[in-house]
$ cat target.cif   # mmCIF, C-alpha atoms
data_coords
#
loop_
_atom_site.label_atom_id
_atom_site.label_comp_id
_atom_site.auth_asym_id
_atom_site.auth_seq_id
_atom_site.Cartn_x
_atom_site.Cartn_y
_atom_site.Cartn_z
CA MET A 1 -73.06 11.11 23.55
CA GLU A 2 -74.15 11.10 19.93
CA GLY A 3 -75.20 14.08 17.85
CA PHE A 4 -72.48 16.67 18.29
CA LYS A 5 -68.93 17.31 19.37
CA ILE A 6 -68.22 19.21 22.56
CA ILE A 7 -65.31 20.99 20.84
CA GLU A 8 -64.82 21.10 17.07
CA TRP A 9 -61.86 22.49 15.14
CA LEU A 10 -63.04 24.33 12.00
CA GLY A 11 -59.69 25.64 10.76
CA ASP A 12 -60.23 29.35 11.32
CA ARG A 13 -62.35 29.01 14.47
CA ILE A 14 -63.41 26.62 17.23
CA LYS A 15 -67.01 25.54 17.69
CA ILE A 16 -68.19 24.64 21.19
CA ILE A 17 -71.47 23.94 22.94
CA ASP A 18 -72.19 26.68 25.48
CA GLN A 19 -72.59 24.75 28.73
CA THR A 20 -74.07 27.75 30.54
CA GLU A 21 -77.22 27.42 28.37
CA LEU A 22 -77.82 23.75 29.10
CA PRO A 23 -80.12 21.94 29.65
CA HIS A 24 -82.82 24.20 28.22
CA LYS A 25 -80.98 25.30 25.08
CA GLU A 26 -78.30 23.67 22.94
CA VAL A 27 -76.43 26.79 21.87
CA PHE A 28 -73.17 26.64 19.93
CA LEU A 29 -70.49 29.32 19.98
CA GLU A 30 -67.77 29.94 17.41
CA LEU A 31 -64.55 31.26 18.96
CA ARG A 32 -62.08 33.02 16.69
CA ASP A 33 -59.12 33.98 18.90
CA CYS A 34 -57.41 33.10 22.18
CA HIS A 35 -59.19 35.89 24.05
CA GLU A 36 -62.58 34.44 23.14
CA VAL A 37 -61.41 30.97 24.18
CA ALA A 38 -60.06 32.25 27.51
CA ASP A 39 -63.28 34.17 28.13
CA ALA A 40 -65.35 31.05 27.38
CA ILE A 41 -63.29 29.12 29.93
CA LYS A 42 -63.69 31.86 32.56
CA LYS A 43 -67.45 32.05 32.02
CA LEU A 44 -67.77 28.22 32.16
CA CYS A 45 -69.05 27.96 28.61
CA ILE A 46 -66.19 25.45 28.51
CA ARG A 47 -65.60 23.60 31.78
CA GLY A 48 -64.16 20.38 33.19
CA ALA A 49 -60.42 19.84 33.46
CA PRO A 50 -59.86 17.67 30.35
CA ASP A 51 -62.26 19.82 28.31
CA ILE A 52 -60.37 22.95 29.33
CA GLY A 53 -57.08 21.33 28.30
CA VAL A 54 -58.38 20.44 24.83
CA ALA A 55 -59.91 23.89 24.38
CA ALA A 56 -56.69 25.61 25.43
CA ALA A 57 -54.69 23.55 22.94
CA TYR A 58 -57.02 24.49 20.11
CA GLY A 59 -57.10 28.12 21.26
CA PHE A 60 -53.31 28.16 21.19
CA ALA A 61 -53.18 26.64 17.70
CA LEU A 62 -55.89 28.99 16.45
CA ALA A 63 -54.15 32.13 17.68
CA ALA A 64 -50.82 30.94 16.26
CA GLN A 65 -52.26 30.78 12.76
CA GLY A 66 -52.85 34.54 12.78
CA ILE A 67 -49.34 35.52 13.84
CA LYS A 68 -47.28 37.33 11.22
CA ALA A 69 -43.59 36.94 11.96
CA SER A 70 -40.34 37.38 10.06
CA SER A 71 -38.53 34.61 11.94
CA LYS A 72 -39.01 31.78 14.39
CA ALA A 73 -37.69 33.96 17.22
CA ASP A 74 -40.17 36.71 16.34
CA PHE A 75 -42.97 34.14 16.15
CA LEU A 76 -42.16 32.70 19.59
CA THR A 77 -42.07 36.18 21.09
CA LYS A 78 -45.56 36.90 19.75
CA LEU A 79 -46.77 33.48 20.90
CA ARG A 80 -45.88 34.08 24.55
CA PRO A 81 -48.78 36.44 25.42
CA ILE A 82 -51.19 33.99 23.80
CA SER A 83 -50.04 31.29 26.16
CA GLU A 84 -50.25 33.67 29.10
CA THR A 85 -53.80 34.73 28.20
CA LEU A 86 -55.01 31.15 28.11
CA ALA A 87 -53.10 30.19 31.27
CA SER A 88 -54.75 33.01 33.20
CA SER A 89 -58.29 31.80 32.46
CA ARG A 90 -58.64 29.41 35.44
CA PRO A 91 -56.06 28.44 38.09
CA THR A 92 -57.04 25.03 39.47
CA ALA A 93 -57.42 22.60 36.54
CA VAL A 94 -53.91 21.33 35.82
CA ASN A 95 -54.88 19.97 32.38
CA LEU A 96 -54.90 23.58 31.17
CA PHE A 97 -51.23 24.05 32.00
CA TRP A 98 -50.32 20.53 30.86
CA ALA A 99 -51.82 21.20 27.42
CA LEU A 100 -50.14 24.59 27.08
CA GLU A 101 -46.79 23.08 28.05
CA ARG A 102 -47.18 20.51 25.28
CA MET A 103 -48.10 23.19 22.76
CA ASN A 104 -45.16 25.39 23.75
CA LYS A 105 -42.74 22.48 23.40
CA VAL A 106 -43.97 21.85 19.87
CA ALA A 107 -43.62 25.53 19.02
CA HIS A 108 -40.05 25.72 20.30
CA SER A 109 -38.96 22.53 18.56
CA GLY A 110 -40.27 23.58 15.13
CA LYS A 111 -37.91 24.52 12.30
CA ASN A 112 -39.72 27.52 10.85
CA VAL A 113 -42.92 29.50 11.24
CA SER A 114 -45.04 27.66 8.66
CA GLN A 115 -43.94 24.27 9.97
CA ILE A 116 -44.70 25.30 13.56
CA LYS A 117 -48.18 26.52 12.67
CA ALA A 118 -49.05 23.21 11.05
CA ALA A 119 -47.48 21.23 13.88
CA LEU A 120 -49.54 23.10 16.48
CA ILE A 121 -52.81 22.11 14.81
CA THR A 122 -51.63 18.50 14.67
CA GLU A 123 -50.62 18.58 18.34
CA ALA A 124 -53.98 20.01 19.44
CA GLN A 125 -55.75 17.27 17.51
CA CYS A 126 -53.48 14.69 19.13
CA ILE A 127 -54.32 16.04 22.58
CA GLU A 128 -58.03 15.68 21.82
CA THR A 129 -57.62 12.14 20.45
CA GLU A 130 -55.34 11.00 23.28
CA ASN A 131 -57.75 12.51 25.80
CA ASP A 132 -60.68 10.50 24.44
CA GLU A 133 -58.60 7.32 24.32
CA ALA A 134 -57.55 7.88 27.94
CA ASN A 135 -61.19 8.45 28.92
CA ARG A 136 -62.24 5.17 27.33
CA ARG A 137 -59.38 3.17 28.83
CA LEU A 138 -59.91 4.45 32.37
CA SER A 139 -63.64 3.88 31.97
CA GLU A 140 -62.95 0.22 31.14
CA LEU A 141 -60.73 -0.14 34.19
CA GLY A 142 -63.21 1.69 36.41
CA ALA A 143 -66.18 -0.34 35.20
CA ALA A 144 -64.52 -3.44 36.71
CA LEU A 145 -65.21 -1.86 40.12
CA ILE A 146 -68.93 -1.55 39.38
CA GLN A 147 -71.10 -4.56 40.10
CA ASP A 148 -74.39 -5.39 38.44
CA GLY A 149 -77.20 -3.64 40.28
CA PHE A 150 -75.03 -0.88 41.81
CA THR A 151 -76.47 2.52 42.65
CA ILE A 152 -73.76 5.16 42.23
CA LEU A 153 -73.56 8.68 43.64
CA THR A 154 -71.73 11.32 41.62
CA HIS A 155 -70.99 14.99 42.25
CA CYS A 156 -70.69 17.80 39.67
CA ASN A 157 -70.21 16.75 36.04
CA ALA A 158 -67.48 14.48 34.71
CA GLY A 159 -69.01 13.23 31.49
CA SER A 160 -68.50 14.13 27.84
CA LEU A 161 -69.26 17.79 28.52
CA ALA A 162 -66.40 18.02 31.02
CA THR A 163 -63.88 16.00 29.05
CA ALA A 164 -64.45 16.58 25.32
CA GLY A 165 -64.38 12.79 25.17
CA TYR A 166 -66.06 9.69 26.54
CA GLY A 167 -66.09 10.95 30.12
CA THR A 168 -64.29 10.06 33.35
CA ALA A 169 -66.64 9.48 36.30
CA LEU A 170 -69.64 9.27 33.97
CA GLY A 171 -67.49 7.33 31.50
CA VAL A 172 -67.08 4.58 34.11
CA ILE A 173 -70.85 4.49 34.59
CA LYS A 174 -71.53 4.47 30.84
CA MET A 175 -69.03 1.66 30.31
CA ALA A 176 -70.60 -0.43 33.07
CA LYS A 177 -73.96 -0.05 31.33
CA GLU A 178 -72.42 -0.98 27.96
CA GLN A 179 -71.07 -4.13 29.61
CA GLY A 180 -74.64 -5.12 30.41
CA LYS A 181 -74.66 -4.13 34.07
CA LYS A 182 -77.80 -2.58 35.46
CA VAL A 183 -76.76 0.63 37.19
CA LYS A 184 -78.59 3.57 38.70
CA VAL A 185 -77.23 7.00 39.55
CA TYR A 186 -77.95 9.56 42.23
CA ALA A 187 -76.66 12.95 41.07
CA ASN A 188 -76.00 15.80 43.47
CA GLU A 189 -77.33 19.09 42.12
CA THR A 190 -73.90 20.66 42.86
CA ARG A 191 -74.28 24.16 44.24
CA PRO A 192 -73.76 26.93 43.46
CA LEU A 193 -73.89 26.52 39.65
CA LEU A 194 -75.90 23.29 39.53
CA GLN A 195 -73.63 21.38 37.14
CA GLY A 196 -75.05 18.13 38.49
CA ALA A 197 -78.67 19.15 37.93
CA ARG A 198 -78.12 20.92 34.63
CA LEU A 199 -75.39 18.84 33.00
CA THR A 200 -74.97 15.41 34.62
CA VAL A 201 -78.68 14.64 34.63
CA TRP A 202 -78.94 15.90 31.03
CA GLU A 203 -76.11 13.59 29.93
CA LEU A 204 -77.41 10.54 31.79
CA LEU A 205 -80.91 10.98 30.37
CA LYS A 206 -79.40 11.09 26.87
CA GLU A 207 -77.59 7.84 27.68
CA ASN A 208 -80.80 6.24 29.02
CA ILE A 209 -79.19 5.63 32.41
CA PRO A 210 -81.65 5.83 35.34
CA VAL A 211 -80.82 8.92 37.39
CA THR A 212 -82.30 10.54 40.49
CA LEU A 213 -81.47 14.17 41.23
CA ILE A 214 -80.87 15.12 44.87
CA THR A 215 -79.64 18.23 46.66
CA ASP A 216 -76.06 18.09 47.94
CA SER A 217 -77.29 18.00 51.52
CA MET A 218 -79.33 14.83 50.90
CA ALA A 219 -76.29 12.67 50.10
CA GLY A 220 -75.59 11.64 53.69
CA TYR A 221 -79.22 10.62 54.18
CA PHE A 222 -79.16 8.23 51.22
CA MET A 223 -75.73 6.86 52.15
CA ASN A 224 -76.91 6.12 55.68
CA LYS A 225 -80.04 4.42 54.33
CA GLY A 226 -77.85 1.97 52.40
CA VAL A 227 -79.04 3.20 49.01
CA ILE A 228 -75.57 4.08 47.65
CA ASN A 229 -73.04 1.36 46.74
CA CYS A 230 -70.18 3.65 45.72
CA VAL A 231 -69.30 7.26 44.91
CA ILE A 232 -67.48 8.23 41.71
CA VAL A 233 -66.23 11.74 40.93
CA GLY A 234 -63.80 13.37 38.53
CA ALA A 235 -60.90 15.66 39.43
CA ASP A 236 -59.38 18.98 38.41
CA ARG A 237 -55.97 18.32 39.94
CA ILE A 238 -54.47 15.44 41.89
CA ALA A 239 -51.32 15.94 43.98
CA ALA A 240 -48.50 13.37 44.09
CA ASN A 241 -49.76 11.98 47.40
CA GLY A 242 -53.28 11.34 46.10
CA ASP A 243 -54.98 14.44 47.49
CA VAL A 244 -57.75 15.42 45.06
CA ALA A 245 -59.04 18.86 44.09
CA ASN A 246 -62.51 18.73 42.63
CA LYS A 247 -65.72 20.74 42.60
CA ILE A 248 -66.62 22.23 45.97
CA GLY A 249 -68.55 19.69 48.01
CA THR A 250 -66.47 16.69 46.94
CA TYR A 251 -64.62 16.63 50.27
CA THR A 252 -67.97 16.43 52.06
CA MET A 253 -69.02 13.48 49.90
CA ALA A 254 -65.75 11.67 50.63
CA VAL A 255 -66.05 12.10 54.39
CA LEU A 256 -69.68 10.92 54.33
CA ALA A 257 -68.76 7.92 52.19
CA THR A 258 -65.96 6.93 54.57
CA GLU A 259 -68.24 7.32 57.59
CA ASN A 260 -70.76 5.00 55.94
CA GLY A 261 -68.26 2.44 54.67
CA ILE A 262 -68.87 3.27 51.01
CA PRO A 263 -66.02 3.19 48.42
CA PHE A 264 -65.09 6.64 47.13
CA TYR A 265 -63.51 6.53 43.67
CA VAL A 266 -61.84 9.29 41.66
CA ALA A 267 -61.67 8.88 37.87
CA ALA A 268 -59.20 11.07 36.00
CA PRO A 269 -56.57 10.80 33.25
CA MET A 270 -52.87 10.90 34.10
CA SER A 271 -52.76 14.46 32.75
CA THR A 272 -54.73 15.54 35.83
CA ILE A 273 -52.00 14.34 38.21
CA ASP A 274 -49.59 17.11 39.19
CA PHE A 275 -46.44 15.35 40.37
CA SER A 276 -44.82 18.72 41.11
CA LEU A 277 -47.11 19.17 44.13
CA SER A 278 -46.41 16.97 47.14
CA SER A 279 -49.87 17.46 48.65
CA GLY A 280 -53.22 19.08 48.09
CA ALA A 281 -52.22 21.96 50.37
CA ASP A 282 -50.28 23.38 47.40
CA ILE A 283 -53.19 23.27 44.93
CA PRO A 284 -54.47 26.77 44.10
CA ILE A 285 -58.19 27.09 44.77
CA GLU A 286 -60.13 29.41 42.50
CA GLU A 287 -62.34 31.97 44.22
CA ARG A 288 -65.21 32.93 41.95
CA ASN A 289 -67.71 35.79 41.97
CA PRO A 290 -69.96 35.72 45.08
CA ASP A 291 -72.90 36.48 42.78
CA GLU A 292 -72.84 32.82 41.78
CA VAL A 293 -73.91 32.03 45.36
CA THR A 294 -76.36 34.87 45.91
CA HIS A 295 -78.02 34.32 42.52
CA ILE A 296 -79.22 31.33 40.51
CA GLN A 297 -79.03 31.95 36.77
CA GLY A 298 -79.32 35.68 37.33
CA ILE A 299 -82.14 35.54 39.88
CA ARG A 300 -81.25 36.83 43.34
CA ILE A 301 -82.00 34.35 46.14
CA ALA A 302 -80.22 36.18 49.02
CA PRO A 303 -80.97 39.61 50.50
CA LYS A 304 -79.17 42.57 48.97
CA GLY A 305 -76.01 43.30 50.90
CA ALA A 306 -75.49 39.67 51.93
CA LYS A 307 -71.85 38.57 51.89
CA ALA A 308 -71.03 35.29 50.22
CA ALA A 309 -67.91 33.15 49.81
CA ASN A 310 -67.41 31.16 46.64
CA PRO A 311 -64.43 28.78 46.51
CA ALA A 312 -64.95 26.75 43.32
CA PHE A 313 -63.08 23.67 44.55
CA ASP A 314 -62.09 21.82 47.70
CA VAL A 315 -59.36 19.28 48.39
CA THR A 316 -60.14 15.74 49.51
CA PRO A 317 -57.25 14.21 51.51
CA HIS A 318 -56.05 10.90 50.06
CA CYS A 319 -57.07 9.01 53.21
CA TYR A 320 -60.69 9.34 52.07
CA VAL A 321 -60.01 8.10 48.54
CA SER A 322 -60.53 4.37 47.96
CA ALA A 323 -58.91 4.36 44.51
CA ILE A 324 -57.81 6.68 41.73
CA ILE A 325 -58.79 5.33 38.32
CA THR A 326 -56.51 6.34 35.43
CA GLU A 327 -55.91 5.06 31.91
CA LYS A 328 -52.64 3.52 33.12
CA GLY A 329 -54.27 1.58 35.94
CA VAL A 330 -56.11 1.83 39.25
CA ALA A 331 -54.02 3.26 42.07
CA ARG A 332 -54.63 2.66 45.76
CA GLU A 333 -52.67 3.52 48.90
CA PRO A 334 -49.81 4.22 49.13
CA TYR A 335 -50.54 6.71 46.33
CA VAL A 336 -47.07 8.26 46.16
CA GLU A 337 -45.50 4.97 45.12
CA LYS A 338 -48.42 3.63 43.09
CA MET A 339 -48.90 6.73 40.95
CA LYS A 340 -45.17 6.98 40.27
CA GLU A 341 -45.32 3.42 38.98
CA LEU A 342 -48.24 4.27 36.71
CA ALA A 343 -46.42 7.29 35.32
CA LYS A 344 -43.46 5.24 34.09
#

$ encode --input "target.cif" --output "structure tokens"
Amino acid sequence: MEGFKIIEWLGDRIKIIDQTELPHKEVFLELRDCHEVADAIKKLCIRGAPDIGVAAAYGFALAAQGIKASSKADFLTKLRPISETLASSRPTAVNLFWALERMNKVAHSGKNVSQIKAALITEAQCIETENDEANRRLSELGAALIQDGFTILTHCNAGSLATAGYGTALGVIKMAKEQGKKVKVYANETRPLLQGARLTVWELLKENIPVTLITDSMAGYFMNKGVINCVIVGADRIAANGDVANKIGTYTMAVLATENGIPFYVAAPMSTIDFSLSSGADIPIEERNPDEVTHIQGIRIAPKGAKAANPAFDVTPHCYVSAIITEKGVAREPYVEKMKELAK
């Protein structure tokens, strides 16, 4: 997507596009410390697993620059609460913790405070660059699964906005188009926060890719009618056995796709795979404010006093996943063995 960067390092601050204002306004925020970065992640101004990872890395580097310390040990002590603040912003997206682990390793391996500060900026920039390269590579591999004339269903948003790069699920679609394939997209609106309607449709229109917006509950209808050729989604965390945590409603899409004999693909970088978890049962699911369900952009749609549940993610068992597309290759069952091979 041309015209602006999703996240931009400006030396003494980070500039981001506020995704809560899209698609009606393109508002940019300048974040000056780790608390502002963590708050932006919590409020979904920054969202999408890879995007969160890049933002956390830059937030870590930014906060480190302001630390005054007499020694490396003193510096590392003052760095710890910064890491904890960023780690507490959202619990499900593993890229957040992956990025912070990388940043902490760099900090601990540095020789002195000034060297560590410089190295942290370099590492954050490397994470952003590597993330975009991974996006592009997995998009190339995923595009091989897309045939000319395909109509693709996607859920939530897994494009440049979610990845601070080329995109994962939408990256595959974009790459297929760049290869000359004629593709169309059906985008679920994605309740309760409408990331599909607000963000995915906005991105696809900018890319001149034909897109039709539908409500989440219409997906089964169009699958059964034979309109959809495949489903492609992103992921916030993938367990070692191939179970996938993604935006709430993804599990429903996977079951419907399987019932209708439609391939269900997950596109995500290797950094989204959590090999420490044997299954999706161990993935923490974020519970967000019920107001996100009872209200739409601040307007109440449910009666006062109505109770609402708001799990932000669900877990799709690996048996419903046709393939997991990564920058290292495309994994299929048995996922435990295949993903271990890719990680080598």

$ resolve_selection --input "target.cif" --expression "the PyMOL selection byres ((chain A and resi 193) around 12)" --output "number ranges by chain"
A: 19-22, 43-44, 47, 156-157, 188-192, 194-199, 247-248, 288-298, 310-312

$ write_last_selection --input "target.cif" --atoms "C-alpha atoms" --output "CSV table (one decimal), in the coordinates of the input"
chain,number,residue,atom,x,y,z
A,19,GLN,CA,-72.6,24.8,28.7
A,20,THR,CA,-74.1,27.8,30.5
A,21,GLU,CA,-77.2,27.4,28.4
A,22,LEU,CA,-77.8,23.8,29.1
A,43,LYS,CA,-67.4,32.0,32.0
A,44,LEU,CA,-67.8,28.2,32.2
A,47,ARG,CA,-65.6,23.6,31.8
A,156,CYS,CA,-70.7,17.8,39.7
A,157,ASN,CA,-70.2,16.8,36.0
A,188,ASN,CA,-76.0,15.8,43.5
A,189,GLU,CA,-77.3,19.1,42.1
A,190,THR,CA,-73.9,20.7,42.9
A,191,ARG,CA,-74.3,24.2,44.2
A,192,PRO,CA,-73.8,26.9,43.5
A,194,LEU,CA,-75.9,23.3,39.5
A,195,GLN,CA,-73.6,21.4,37.1
A,196,GLY,CA,-75.0,18.1,38.5
A,197,ALA,CA,-78.7,19.2,37.9
A,198,ARG,CA,-78.1,20.9,34.6
A,199,LEU,CA,-75.4,18.8,33.0
A,247,LYS,CA,-65.7,20.7,42.6
A,248,ILE,CA,-66.6,22.2,46.0
A,288,ARG,CA,-65.2,32.9,42.0
A,289,ASN,CA,-67.7,35.8,42.0
A,290,PRO,CA,-70.0,35.7,45.1
A,291,ASP,CA,-72.9,36.5,42.8
A,292,GLU,CA,-72.8,32.8,41.8
A,293,VAL,CA,-73.9,32.0,45.4
A,294,THR,CA,-76.4,34.9,45.9
A,295,HIS,CA,-78.0,34.3,42.5
A,296,ILE,CA,-79.2,31.3,40.5
A,297,GLN,CA,-79.0,32.0,36.8
A,298,GLY,CA,-79.3,35.7,37.3
A,310,ASN,CA,-67.4,31.2,46.6
A,311,PRO,CA,-64.4,28.8,46.5
A,312,ALA,CA,-65.0,26.8,43.3

$ axis_aligned_box --input "target.cif" --around "segment 322-333 of chain A" --padding-each-side "3 Å" --output "AutoDock Vina command-line options"
--center_x -56.6 --center_y 4.1 --center_z 40.4 --size_x 13.9 --size_y 11.1 --size_z 23.0

$ resolve_selection --input "target.cif" --expression "the PyMOL selection byres ((chain A and resi 174-177) around 10)" --output "count of residues only"
35

$ closest_residue --input "target.cif" --among "A:Leu153, A:Ala162, A:Ala343, A:Leu96" --to "Ile262 of chain A" --atoms "only C-alpha atoms"
A:Leu153

$ resolve_selection --input "target.cif" --expression "the PyMOL selection byres ((chain A and resi 113) around 8)" --output "list of chain:residue names"
A:Ala69, A:Ser71, A:Lys72, A:Phe75, A:Gly110, A:Lys111, A:Asn112, A:Ser114, A:Gln115, A:Ile116, A:Lys117

$ closest_residue --input "target.cif" --among "A:Ala73, A:Val336, A:Ile67, A:Ile238" --to "Ser271 of chain A" --atoms "only C-alpha atoms"
A:Ile238

$ atom_distance --input "target.cif" --atom1 "atom CA of Ile152 of chain A" --atom2 "atom CA of Lys225 of chain A"
13.7 Å

$ residues_near_point --input "target.cif" --point "(-47.9, 6.6, 38.9)" --cutoff "7 Å" --atoms "only C-alpha atoms" --output "JSON, numbers by chain"
{"A": [337, 338, 339, 340, 341, 342, 343, 344]}

$ write_last_selection --input "target.cif" --atoms "C-alpha atoms" --output "PDB file, in the coordinates of the input"
ATOM      1  CA  GLU A 337     -45.500   4.970  45.120  1.00  0.00           C
ATOM      2  CA  LYS A 338     -48.420   3.630  43.090  1.00  0.00           C
ATOM      3  CA  MET A 339     -48.900   6.730  40.950  1.00  0.00           C
ATOM      4  CA  LYS A 340     -45.170   6.980  40.270  1.00  0.00           C
ATOM      5  CA  GLU A 341     -45.320   3.420  38.980  1.00  0.00           C
ATOM      6  CA  LEU A 342     -48.240   4.270  36.710  1.00  0.00           C
ATOM      7  CA  ALA A 343     -46.420   7.290  35.320  1.00  0.00           C
ATOM      8  CA  LYS A 344     -43.460   5.240  34.090  1.00  0.00           C
TER       9      LYS A 344
END

$ atom_distance --input "target.cif" --atom1 "atom CA of Gly329 of chain A" --atom2 "atom CA of Thr122 of chain A"
27.3 Å

$ residues_around --input "target.cif" --residues "Asp274 of chain A" --least-positions-apart "6" --cutoff "8 Å" --atoms "only C-alpha atoms" --output "NGL selection string"
:A and (94 or 237-240)

$ residues_around --input "target.cif" --residues "segment 6-14 of chain A" --least-positions-apart "3" --cutoff "12 Å" --atoms "all atoms listed in the file" --output "PDB file with C-alpha atoms, in the coordinates of the input"
ATOM      1  CA  MET A   1     -73.060  11.110  23.550  1.00  0.00           C
ATOM      2  CA  GLU A   2     -74.150  11.100  19.930  1.00  0.00           C
ATOM      3  CA  GLY A   3     -75.200  14.080  17.850  1.00  0.00           C
ATOM      4  CA  ILE A  17     -71.470  23.940  22.940  1.00  0.00           C
ATOM      5  CA  ASP A  18     -72.190  26.680  25.480  1.00  0.00           C
ATOM      6  CA  GLN A  19     -72.590  24.750  28.730  1.00  0.00           C
ATOM      7  CA  GLU A  26     -78.300  23.670  22.940  1.00  0.00           C
ATOM      8  CA  VAL A  27     -76.430  26.790  21.870  1.00  0.00           C
ATOM      9  CA  PHE A  28     -73.170  26.640  19.930  1.00  0.00           C
ATOM     10  CA  LEU A  29     -70.490  29.320  19.980  1.00  0.00           C
ATOM     11  CA  GLU A  30     -67.770  29.940  17.410  1.00  0.00           C
ATOM     12  CA  LEU A  31     -64.550  31.260  18.960  1.00  0.00           C
ATOM     13  CA  ARG A  32     -62.080  33.020  16.690  1.00  0.00           C
ATOM     14  CA  ASP A  33     -59.120  33.980  18.900  1.00  0.00           C
ATOM     15  CA  CYS A  34     -57.410  33.100  22.180  1.00  0.00           C
ATOM     16  CA  GLU A  36     -62.580  34.440  23.140  1.00  0.00           C
ATOM     17  CA  VAL A  37     -61.410  30.970  24.180  1.00  0.00           C
ATOM     18  CA  ALA A  40     -65.350  31.050  27.380  1.00  0.00           C
ATOM     19  CA  CYS A  45     -69.050  27.960  28.610  1.00  0.00           C
ATOM     20  CA  ILE A  46     -66.190  25.450  28.510  1.00  0.00           C
ATOM     21  CA  ARG A  47     -65.600  23.600  31.780  1.00  0.00           C
ATOM     22  CA  GLY A  48     -64.160  20.380  33.190  1.00  0.00           C
ATOM     23  CA  PRO A  50     -59.860  17.670  30.350  1.00  0.00           C
ATOM     24  CA  ASP A  51     -62.260  19.820  28.310  1.00  0.00           C
ATOM     25  CA  ILE A  52     -60.370  22.950  29.330  1.00  0.00           C
ATOM     26  CA  GLY A  53     -57.080  21.330  28.300  1.00  0.00           C
ATOM     27  CA  VAL A  54     -58.380  20.440  24.830  1.00  0.00           C
ATOM     28  CA  ALA A  55     -59.910  23.890  24.380  1.00  0.00           C
ATOM     29  CA  ALA A  56     -56.690  25.610  25.430  1.00  0.00           C
ATOM     30  CA  ALA A  57     -54.690  23.550  22.940  1.00  0.00           C
ATOM     31  CA  TYR A  58     -57.020  24.490  20.110  1.00  0.00           C
ATOM     32  CA  GLY A  59     -57.100  28.120  21.260  1.00  0.00           C
ATOM     33  CA  PHE A  60     -53.310  28.160  21.190  1.00  0.00           C
ATOM     34  CA  ALA A  61     -53.180  26.640  17.700  1.00  0.00           C
ATOM     35  CA  LEU A  62     -55.890  28.990  16.450  1.00  0.00           C
ATOM     36  CA  ALA A  63     -54.150  32.130  17.680  1.00  0.00           C
ATOM     37  CA  ALA A  64     -50.820  30.940  16.260  1.00  0.00           C
ATOM     38  CA  GLN A  65     -52.260  30.780  12.760  1.00  0.00           C
ATOM     39  CA  GLY A  66     -52.850  34.540  12.780  1.00  0.00           C
ATOM     40  CA  LYS A 117     -48.180  26.520  12.670  1.00  0.00           C
ATOM     41  CA  ALA A 118     -49.050  23.210  11.050  1.00  0.00           C
ATOM     42  CA  LEU A 120     -49.540  23.100  16.480  1.00  0.00           C
ATOM     43  CA  ILE A 121     -52.810  22.110  14.810  1.00  0.00           C
ATOM     44  CA  THR A 122     -51.630  18.500  14.670  1.00  0.00           C
ATOM     45  CA  ALA A 124     -53.980  20.010  19.440  1.00  0.00           C
ATOM     46  CA  GLN A 125     -55.750  17.270  17.510  1.00  0.00           C
ATOM     47  CA  GLU A 128     -58.030  15.680  21.820  1.00  0.00           C
ATOM     48  CA  THR A 129     -57.620  12.140  20.450  1.00  0.00           C
ATOM     49  CA  ASP A 132     -60.680  10.500  24.440  1.00  0.00           C
ATOM     50  CA  GLY A 159     -69.010  13.230  31.490  1.00  0.00           C
ATOM     51  CA  SER A 160     -68.500  14.130  27.840  1.00  0.00           C
ATOM     52  CA  LEU A 161     -69.260  17.790  28.520  1.00  0.00           C
ATOM     53  CA  ALA A 162     -66.400  18.020  31.020  1.00  0.00           C
ATOM     54  CA  THR A 163     -63.880  16.000  29.050  1.00  0.00           C
ATOM     55  CA  ALA A 164     -64.450  16.580  25.320  1.00  0.00           C
ATOM     56  CA  GLY A 165     -64.380  12.790  25.170  1.00  0.00           C
ATOM     57  CA  TYR A 166     -66.060   9.690  26.540  1.00  0.00           C
ATOM     58  CA  GLY A 167     -66.090  10.950  30.120  1.00  0.00           C
TER      59      GLY A 167
END

$ closest_residue --input "target.cif" --among "A:Lys206, A:Ala49, A:Ala245, A:Gly305" --to "Pro317 of chain A" --atoms "only C-alpha atoms"
A:Ala245

$ residues_around --input "target.cif" --residues "Asn224 of chain A" --least-positions-apart "3" --cutoff "9 Å" --atoms "all atoms listed in the file" --output "PDB file with C-alpha atoms, in the coordinates of the input"
ATOM      1  CA  ALA A 219     -76.290  12.670  50.100  1.00  0.00           C
ATOM      2  CA  GLY A 220     -75.590  11.640  53.690  1.00  0.00           C
ATOM      3  CA  TYR A 221     -79.220  10.620  54.180  1.00  0.00           C
ATOM      4  CA  VAL A 227     -79.040   3.200  49.010  1.00  0.00           C
ATOM      5  CA  ILE A 228     -75.570   4.080  47.650  1.00  0.00           C
ATOM      6  CA  LEU A 256     -69.680  10.920  54.330  1.00  0.00           C
ATOM      7  CA  GLU A 259     -68.240   7.320  57.590  1.00  0.00           C
ATOM      8  CA  ASN A 260     -70.760   5.000  55.940  1.00  0.00           C
TER       9      ASN A 260
END

$ atom_distance --input "target.cif" --atom1 "atom CA of Asn135 of chain A" --atom2 "atom CA of His108 of chain A"
28.6 Å

$ closest_residue --input "target.cif" --among "A:Glu84, A:Asp74, A:Pro23, A:Ile325" --to "Glu203 of chain A" --atoms "only C-alpha atoms"
A:Pro23

$ closest_residue --input "target.cif" --among "A:Ala309, A:Ala158, A:Arg300, A:Glu286" --to "Ala267 of chain A" --atoms "all atoms listed in the file"
A:Ala158

$ residues_near_point --input "target.cif" --point "(-48.2, 17.8, 42.6)" --cutoff "10 Å" --atoms "only C-alpha atoms" --output "list in words"
Val94, Arg237, Ile238, Ala239, Ala240, Asn241, Gly242, Asp243, Thr272, Ile273, Asp274, Phe275, Ser276, Leu277, Ser278, Ser279, Gly280, Ala281, Asp282 and Ile283 of chain A

$ decode --input "target.cif" --residues "segment 196-201 of chain A" --atoms "C-alpha atoms" --output "mmCIF file, in the first residue's frame"
data_model
loop_
_atom_site.group_PDB
_atom_site.id
_atom_site.type_symbol
_atom_site.label_atom_id
_atom_site.label_comp_id
_atom_site.auth_asym_id
_atom_site.auth_seq_id
_atom_site.Cartn_x
_atom_site.Cartn_y
_atom_site.Cartn_z
ATOM 1 C CA GLY A 196 -13.125 -6.503 7.882
ATOM 2 C CA ALA A 197 -15.540 -3.736 6.902
ATOM 3 C CA ARG A 198 -13.382 -0.840 8.052
ATOM 4 C CA LEU A 199 -9.867 -2.049 7.282
ATOM 5 C CA THR A 200 -9.806 -4.994 4.858
ATOM 6 C CA VAL A 201 -12.228 -3.411 2.415
#
